[in-house]
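Below is one structure; the comments refer to it alone.
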Amino acid sequence: MTIHRPGLPDDLPKAEILWARWALIAAVRADSTEEAAGRGYRSGHWIDTDGLHWDDSGCTWWTLSRMGAGRFVLYGEDEASKVKWHQPPIDMLAGAPDWLPYAELHDRIEGSEVGSVYWYAAGVWARAPYPDDLGDDGLECGMGGLADRDEVLGALVPHLTEPVDGPSIDSLLADAESYRLKPDLLLERLRSETTLDPPPDRDAAARTLAAAGITTQRPINPKLDVR
């Protein structure tokens with residue numbers, strides 16, 4: 001899936017699909033060590049009461065939050081973004097709806113932590129207008145791996161076994177995208193022998209799946225119910 005520089009709202013998959021892909025990667029990479037810490041700096045993909053997060057411990061961090069039925073907000077930063085350095089300044093919240101988490105966004109924008117903000121309602125993504133001379137807003141570098149389904153599959157492969165019988169990794173992803181994933185089918189496929197660090201944690205993965213609500217089971221946290 002092509003993402004322009006700067007990004008266009010139509011470059012992103014529907015928010016429900018983006019949420020499902022992000023949550024599935026967070027589940028197969030879930031680490032109870034970080035989960036148990038509950039504080040301090042965290043990296044990788046994870047979910048909490050604010051939504052889904054991605055931080056590469058370097059120049060990229062993003063958050064996808066659900067703001068009610070059919071409403072999402074995506075915001076974050078990649079060093080490729082030229083938005084916060086543009087002159088005259090760009091108002092990243094111009095035209096934004098009144099249901100965005102403004103306290104959080106204003107705090108981060110004032111701290112020069114945000115490179116772009118996108119919001120989603122009624123099946124459509126939107127963002128503030130950009131000037132014609134803006135080169136990049138960081139969306140491609142930050143979200144390219146989640147917007148492209150083949151890249152998501154590639155990210156799942158090191159963490160899951162591909163059985164002779166049973167659903168393929170592609171089928172598991174399709175089930176997650178349709179919010180009908182059977183947790184046991186995924187959990188039993190987490191690699192037990194791997195060079196990945198940290199190794200897979202099935203309990204942490206199960207909690208992530210339940211919180212994200214992409215399975216046939218009800219989510220543990222109703223605030224994160226995306227169905």
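By order of appearance in the structure tokens: chains A, B, ..., then residues from 1 within every chain, and ligands from 1 in the order shown.
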
(message) Please list as an NGL selection string every residue within 12 Å of A:Asp175, counting only C-alpha atoms and excluding residues in the same chain fewer than 6 positions away.
(response) :A and (17 or 20-21 or 24 or 167-169 or 181-183 or 185-186 or 214-216)

(request) Show which residues sit within 12 Å of A:Pro131, as a PyMOL selection string. Count only C-alpha atoms, and ignore same-chain residues fewer than 4 positions away. (result) chain A and resi 6+82-83+86-92+135-137

(message) Which residues are near A:Lys14? Cut-off 8 Å, only C-alpha atoms, ignore same chain within fewer than 4 positions. Put them as an MDAnalysis selection string.
(response) chainID A and resid 18 123:125

Output N, CA and C atoms for every residue in the selection just made, as a PDB file, in the first residue's frame.
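Output saved as again-v2.pdb:
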```pdb
ATOM      1  N   LEU A  18      -6.514  -1.192  10.639  1.00  0.00           N
ATOM      2  CA  LEU A  18      -5.230  -0.776  11.210  1.00  0.00           C
ATOM      3  C   LEU A  18      -5.125  -1.215  12.666  1.00  0.00           C
ATOM      4  N   GLY A 123     -16.017   5.975   8.783  1.00  0.00           N
ATOM      5  CA  GLY A 123     -15.275   5.221   7.775  1.00  0.00           C
ATOM      6  C   GLY A 123     -14.284   6.021   6.961  1.00  0.00           C
ATOM      7  N   VAL A 124     -13.968   7.240   7.383  1.00  0.00           N
ATOM      8  CA  VAL A 124     -13.094   8.109   6.586  1.00  0.00           C
ATOM      9  C   VAL A 124     -12.021   8.735   7.473  1.00  0.00           C
ATOM     10  N   TRP A 125     -10.766   8.719   6.979  1.00  0.00           N
ATOM     11  CA  TRP A 125      -9.663   9.415   7.639  1.00  0.00           C
ATOM     12  C   TRP A 125      -9.619  10.871   7.183  1.00  0.00           C
TER      13      TRP A 125
END
```

(message) Need to verify the contact set: stretch 113-120 of chain A, 6 Å, only C-alpha atoms, exclusion of same-chain residues closer than 2 positions in sequence. Can you return it as a ChimeraX atom specification?
(response) /A:71-77,81,83,108-109,111,124-127,137

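Computed from the coordinates, the atom CA of A:Trp46 to atom CA of A:Ala26 distance equals 5.0 Å.
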